[in-house]
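To start, the structure itself, in structure tokens.
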Amino acid sequence: NFEGSGIWARYPSVNVSVEGSLIENNQHGLFVIDDANISVEQSKIANNNIGIETFFATKLVSAKNNYWGEISGPYNATSNPLGEGDRVS
């Protein structure tokens with residue numbers, strides 16, 4: 001893994017679909033670089049220092065219908081400031 005990442009994706013030509021997975025106890029649950037196309041559904045993304053982090057990415061990661069360690073969902077200062085689950089960028 002890259003820098004303690006559970007899943008690491010890079011390059012726009014990369015297409016990754018994750019479903020029904022446990023993504024736990026990592027520095028980054030998902031680390032996405034350079035607009036890789038990634039979707040995560042029906043998974044548990046919890047107990048990571050950062051749930052999803054993007055770097056040099058302009059596309060949003062599709063991460064719907066996941067459990068983030070808290071029913072309030074992932075923390076994001078803009079879109080979910082009351083979320084108590086793993087932080088997303």
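Going by the structure tokens order, chains are called A, B, ..., each with residues numbered from 1, while ligands are numbered from 1 in the order shown.
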
Test item: residues at most 12 Å from Ser79 in chain A, only C-alpha atoms, excluding those fewer than 6 positions along its chain, as a PyMOL selection string: chain A and resi 73+87-89

Could those selected residues go to a file with C-alpha atoms, as a short mmCIF file (atom, residue, chain, number, x, y, z; two decimals), in the first residue's frame?
```
data_model
loop_
_atom_site.label_atom_id
_atom_site.label_comp_id
_atom_site.auth_asym_id
_atom_site.auth_seq_id
_atom_site.Cartn_x
_atom_site.Cartn_y
_atom_site.Cartn_z
CA GLY A 73 -21.56 9.82 8.40
CA ARG A 87 -12.79 12.44 7.79
CA VAL A 88 -13.02 12.93 4.03
CA SER A 89 -11.40 15.64 1.92
#
```

Neighbour list for range 13-26 of chain A as a PyMOL selection string, cut-off 12 Å, only C-alpha atoms, skip fewer than 5 positions in-chain: chain A and resi 1-8+31-53+61-69+85-86

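For the pair CA of Gly83 in chain A and CA of Leu60 in chain A, the interatomic distance is 18.1 Å.
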